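Notes follow the structure.
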Amino acid sequence: MGFALHRLPLRLTAGAFILNSGLNKLNLDAESAAGLQQMALNAFPQLEQLSAEDFGTYLAAGEIALGTSLLTPFLPSKLVGLGLTAFAGSLVWLYLRTPGMTESDGIRPTPEGIGMAKDIFLLGIGLALLLERKGSKV
């Protein structure tokens with residue numbers, strides 16, 4: 001699947017957002033990395049096996065790699081869509097599993113959860129890239 005202009009806004013917005021997030025995490029101090037790891041443990045308890053510094057480093061590297069791949073036009077959209085869907089799916093799972101982020105229904109965000117709930121947009125972009133059919137006229 002070659003470059004298609006209609007995919008550009010999806011890839012640019014998600015890629016720039018995620019790349020910036022990863023770059024901002026490159027120089028995390030130990031306390032900030034531990035805070036991010038502690039939140040991630042709500043959804044992924046196996047991350048406890050990592051040191052906070054390693055967790056921060058891996059998170060930054062993963063976000064930089066994903067953001068860069070989305071901004072690289074010669075990489076297939078289905079491939080980067082798969083990566084984005086997996087990443088965003090884990091962020092949405094984290095949102096749903098973190099106490100205080102959702103209303104009593106477990107889905108709608110509380111005022112504190114709005115910042116995390118926005119990751120559903122990244123999931124939608126990933127799914128759009130992943131599920132697009134070759135030769136689609138829509």
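The way I read the labels, and the way they are meant: chains A, B, ... in the order of the structure tokens, residue 1 as the first residue of every chain, and ligand 1 as the first ligand shown, with later ones counted on from there.
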
Spatial neighbours of Gly83 of chain A, 12 Å, only C-alpha atoms, chain gap at least 6 places, as a PDB file with C-alpha atoms, in the first residue's frame:
```pdb
ATOM      1  CA  ARG A  11      -0.297   9.889  10.578  1.00  0.00           C
ATOM      2  CA  ALA A  14      -0.719  11.015  15.902  1.00  0.00           C
ATOM      3  CA  GLY A  15       2.962  10.760  14.976  1.00  0.00           C
ATOM      4  CA  ILE A  18       3.544  10.639  20.250  1.00  0.00           C
ATOM      5  CA  GLY A  62       8.876   3.166  22.377  1.00  0.00           C
ATOM      6  CA  GLU A  63       7.058   6.460  21.942  1.00  0.00           C
ATOM      7  CA  ALA A  65       9.977   4.777  17.651  1.00  0.00           C
ATOM      8  CA  LEU A  66       6.199   4.744  17.176  1.00  0.00           C
ATOM      9  CA  GLY A  67       5.961   8.489  16.550  1.00  0.00           C
ATOM     10  CA  THR A  68       8.810   8.346  14.042  1.00  0.00           C
ATOM     11  CA  SER A  69       7.276   5.370  12.241  1.00  0.00           C
ATOM     12  CA  LEU A  70       3.975   7.215  11.869  1.00  0.00           C
ATOM     13  CA  LEU A  75       6.320   2.625   6.058  1.00  0.00           C
ATOM     14  CA  PRO A  76       3.043   0.816   5.357  1.00  0.00           C
ATOM     15  CA  SER A  77       0.018   2.369   7.027  1.00  0.00           C
ATOM     16  CA  GLY A  89      -5.189   0.131  23.272  1.00  0.00           C
ATOM     17  CA  SER A  90      -2.793  -0.189  26.189  1.00  0.00           C
ATOM     18  CA  LEU A 122      -5.341   7.575  19.116  1.00  0.00           C
ATOM     19  CA  LEU A 123      -7.033   4.181  19.173  1.00  0.00           C
ATOM     20  CA  ILE A 125      -6.655   6.635  14.318  1.00  0.00           C
ATOM     21  CA  GLY A 126      -4.779   3.351  14.711  1.00  0.00           C
ATOM     22  CA  LEU A 127      -7.855   1.339  13.796  1.00  0.00           C
ATOM     23  CA  LEU A 129      -5.019   2.948   9.479  1.00  0.00           C
ATOM     24  CA  LEU A 130      -5.125  -0.747  10.284  1.00  0.00           C
TER      25      LEU A 130
END
```

Residues of segment 39-107 of chain A in alpha helix (DSSP H), written as JSON, numbers by chain = {"A": [39, 40, 52, 53, 54, 55, 56, 57, 58, 59, 60, 61, 62, 63, 64, 65, 66, 67, 68, 69, 70, 71, 77, 78, 79, 80, 81, 82, 83, 84, 85, 86, 87, 88, 89, 90, 91, 92, 93, 94, 95, 96, 97]}

Taking into account only C-alpha atoms, which residue in the set A:Gly113, A:Leu71, A:Leu131, A:Met101 is nearest to Pro9 of chain A?
->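 Under the stated criterion, the closest residue is A:Leu71.
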
Using only C-alpha atoms, which of A:Leu5, A:Glu132, A:Val92, A:Leu28 sits nearest Ala117 of chain A?
->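 Ranking A:Leu5, A:Glu132, A:Val92, A:Leu28 by distance to Ala117 of chain A, first place goes to A:Val92.
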
One decimal, Å: what's the distance from atom CA of Ile120 of chain A over to atom CA of Leu19 of chain A, could you say?
->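 Going from atom CA of Ile120 of chain A over to atom CA of Leu19 of chain A covers 17.5 Å.
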
Please identify all polymer residues within 10 Å of Tyr58 of chain A, counting only C-alpha atoms, omitting same-chain residues fewer than 5 positions from it, and present them as a PyMOL selection string.
-> chain A and resi 22+25-26+50+52-53+63-64

Selected residues written out with C-alpha atoms, as a CSV table (one decimal), in the first residue's frame:
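Final output, part-v4.csv:
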```csv
chain,number,residue,atom,x,y,z
A,22,GLY,CA,8.6,10.4,23.9
A,25,LYS,CA,10.4,11.6,28.5
A,26,LEU,CA,14.0,11.2,27.4
A,50,LEU,CA,11.5,-3.2,35.8
A,52,ALA,CA,11.7,2.9,37.3
A,53,GLU,CA,14.6,4.3,35.3
A,63,GLU,CA,7.1,6.5,21.9
A,64,ILE,CA,9.9,7.9,19.8
```

Would you list the contacts of Ile114 of chain A as a list in words, taking every protein, DNA or RNA residue within 10 Å and counting only C-alpha atoms, but skipping same-chain residues closer than 6 positions in sequence?
->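 The residues satisfying every condition are Tyr95, Met101, Thr102 and Arg108 of chain A.
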
Restricted to C-alpha atoms, what would the selected residues look like written as a compact mmCIF listing (two decimals), in the first residue's frame?
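Here's the written file result.txt:
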```txt
# COMPACT_ATOMS: atom_id res chain seq x y z
CA TYR A 95 -7.32 4.69 31.66
CA MET A 101 -10.29 8.25 36.08
CA THR A 102 -13.82 7.08 35.27
CA ARG A 108 -17.12 8.05 31.14
```

Proximity to Leu94 of chain A - best of A:Leu8, A:Met116, A:Ala16, A:Ala34, only C-alpha atoms = A:Met116

Could you pull the residues within 9 Å of Gln38 of chain A, counting only C-alpha atoms, minus those fewer than 3 positions along the same chain, as number ranges by chain?
-> A: 33-35, 41-42, 47-48, 52

Output C-alpha atoms of each residue in that selection to a file, as a PDB file, in the first residue's frame.
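Everything below was put into part-v8.pdb:
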```
ATOM      1  CA  ALA A  33       9.670   7.687  35.953  1.00  0.00           C
ATOM      2  CA  ALA A  34       8.536   5.977  39.163  1.00  0.00           C
ATOM      3  CA  GLY A  35       5.277   7.934  39.087  1.00  0.00           C
ATOM      4  CA  LEU A  41       1.062  -0.928  37.284  1.00  0.00           C
ATOM      5  CA  ASN A  42      -2.723  -0.470  37.601  1.00  0.00           C
ATOM      6  CA  LEU A  47       5.966  -3.893  34.819  1.00  0.00           C
ATOM      7  CA  GLU A  48       6.953  -4.044  38.487  1.00  0.00           C
ATOM      8  CA  ALA A  52      11.719   2.921  37.330  1.00  0.00           C
TER       9      ALA A  52
END
```

Please measure the separation of atom CA of Arg133 of chain A and atom CA of Pro73 of chain A, giving the value in Å to one decimal.
-> 17.9 Å
